[in-house]
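Shown next, in structure tokens, is the structure this report addresses.
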Amino acid sequence: MADQCAPSLDPASDVPLANELLDQGWEITASDYQGEGTPGLLPYLVGVSAARNTIDIVRAAQHLPAAHASANYVVWGHSEGGQTAMFALNIGAEYAPDLHLKGVVAGAPPSQFYAIYQFLRTSPYRYYLFMAAAGFNAAYGDKAAPLNEVLTPLGMKLLPDLEKGCSDYIASVTSPYSLTQITNADPIDVPAWKILIDENDPESFTTATPVPLLMIQGGSDEQIPVISTQILATHLCGLGQDLERWIYPGQSHAGVIAPSANDMIHWIADRFAGGANPDSYVPTGLPNVKTTTCPS
């Protein structure tokens with residue numbers, strides 16, 4: 001959430017996948033997100049903010065004459081970026097009518113936040129919940145997102161640490177404490193916070209878009225419950241969304257990225273080529289990938 005955590009300061013971390021995408025002849029844009037290099041904290045898990053940042057960086061490429069950038073684009077993101085991708089799907093046409101969103105790949109997108117809270121509250125990743133409280137406050141302010149309603153005095157005292165280091169650092173400074181020592185309530189039970197949580201959950205989408213959506217997740221995801229993306233897919237199918245969901249057996253939250261990369265690239269190439277939706281392609285990155293589409 002801090003300035004020093006901006007992905008552009010560590011570009012080497014994305015080189016392998018970036019090279020695979022560049023090998024297709026595609027241009028890549030990526031956003032540091034608001035708050036990483038600009039005043040304040042990153043509005044962590046605030047979907048519309050992150051989606052706008054992502055679409056804005058695509059639009060920015062149009063202003064680089066030497067790039068010869070097309071107006072056609074596909075969004076891919078994983079985890080926090082998976083939620084961003086979902087919101088890019090939701091707002092893309094209205095927010096950027098000058099661009100043409102051809103497809104969205106959402107890797108392990110967080111949804112069903114009420115369940116994720118229970119899933120993470122005793123896990124090593126419980127610090128995400130602390131980060132989310134501060135991120136919502138950064139986006140919405142003290143009146144709409146009052147921190148004293150969800151954080152204990154200890155939690156409030158730990159807030160400055162969010163400016164001092166990245167996720168490993170935040171994990172280390174919060175790991176000595178249980179979640180109940182840092183938070184004083186399940187935010188879904190606090191009326192002001194429930195409004196914001198629902199607003200940033202892809203489960204809140206009420207309309208489908210004509211843009212094809214692919215969700216990818218590891219079958220042994222330790223951070224986002226696999227059932228949550230199944231529930232989300234069922235909801236979106238009920239709205240009429242063009243959707244595919246690929247679950248890679250035995251893969252962890254981040255571990256799924258490598259074995260799914262070539263499959264994802266094939267799917268994206270089909271979107272740029274104007275292929276059929278849903279795509280008839282069967283992923284081959286691992287044996288027995290579970291694939292589902294919406295009932296016709």
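We label chains A, B, ... in the order they appear in the structure tokens, count residues from 1 in each chain, and number ligands from 1 in the order shown.
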Point to revise | Filtered DSSP result for region 57-282 of chain A, state strand (DSSP E), as a PyMOL selection string | key: chain A and resi 72-78+100-107+213-218+243-248
Point to revise | Shell around Pro97 (chain A) at 12 Å using only C-alpha atoms, local window under 5 positions removed, as a list in words | key: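 Final neighbour list, sorted by chain and number: Ile55, Arg59, Ala71, Asn72, Ile91 and Gly92 of chain A.
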Check your understanding: Neighbours of Val289 (chain A) within 12 Å (only C-alpha atoms; same-chain residues fewer than 5 positions away dropped), as number ranges by chain?
Key -> A: 216-219, 245-251, 256, 259-260, 263, 282-284
Please, which residues in region 41-76 of chain A fall within 12 Å of region 151-174 of chain A when counting only C-alpha atoms, and what is the closest atom pair and distance in Å to one decimal for each, ordered by chain then residue number, as a tab-separated table?
```
residue	atom	partner	partner_atom	distance
A:Leu41	CA	A:Glu163	CA	7.3
A:Leu42	CA	A:Leu162	CA	9.6
A:Pro43	CA	A:Leu162	CA	11.7
A:Tyr44	CA	A:Leu162	CA	11.2
```
Check your understanding: Any idea what's packed within 9 Å of region 82-90 of chain A, counting only C-alpha atoms, ignoring anything in its chain fewer than 2 positions away? Could you give it as a ChimeraX atom specification?
Key -> /A:45-52,54-55,75-80,92-95,101,103-111,200-202,205,207-209,211-213,215
**Study point:** Residue list (helix (DSSP H, G or I), DSSP) for region 79-272 of chain A, as a PyMOL selection string
**Key:** chain A and resi 80-95+113-120+127-144+147-149+153-163+167-174+179-182+187-189+191-199+202-204+226-239+257-272
**Study point:** Nearby residues (only C-alpha atoms) at most 12 Å from Ser70 (chain A), same-chain spacing under 3 positions excluded, as a VMD selection string
**Key:** chain A and resid 25 to 28 58 to 67 73 to 74 98 to 102 272
I need the chosen residues saved as a tab-separated table (two decimals), in the first residue's frame, with C-alpha atoms.
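And here's selection33.tsv as it stands now:
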```
chain	number	residue	atom	x	y	z
A	25	GLY	CA	3.20	-8.90	-30.56
A	26	TRP	CA	1.04	-7.30	-27.88
A	27	GLU	CA	1.78	-4.13	-25.97
A	28	ILE	CA	1.55	-4.22	-22.17
A	58	VAL	CA	-4.39	1.81	-21.39
A	59	ARG	CA	-5.70	5.15	-22.57
A	60	ALA	CA	-2.34	6.77	-21.80
A	61	ALA	CA	-0.70	4.49	-24.35
A	62	GLN	CA	-2.79	6.18	-27.02
A	63	HIS	CA	-0.76	9.35	-26.35
A	64	LEU	CA	2.57	7.69	-27.18
A	65	PRO	CA	2.82	8.08	-30.97
A	66	ALA	CA	5.70	5.63	-31.32
A	67	ALA	CA	3.63	2.89	-29.65
A	73	TYR	CA	-7.40	-4.19	-25.11
A	74	VAL	CA	-7.79	-7.12	-22.73
A	98	ASP	CA	-13.13	5.39	-26.79
A	99	LEU	CA	-11.50	2.01	-26.08
A	100	HIS	CA	-12.68	-1.48	-27.01
A	101	LEU	CA	-12.47	-4.06	-24.23
A	102	LYS	CA	-12.23	-7.45	-25.95
A	272	PHE	CA	-8.24	-10.32	-30.31
```
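For the set A:Glu20, A:Glu149, A:Asp3, A:Asp270, the residue with the smallest atom-to-atom gap to Asn184 (chain A) is A:Glu149, counting only C-alpha atoms.
Counting from CA of Ser204 (chain A), the distance to CA of Leu179 (chain A) is 26.2 Å.
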Review point. Interatomic distance between CA of Tyr33 (chain A) and CA of Ile224 (chain A)?
Key: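 We find that CA of Tyr33 (chain A) and CA of Ile224 (chain A) lie 21.6 Å from each other.
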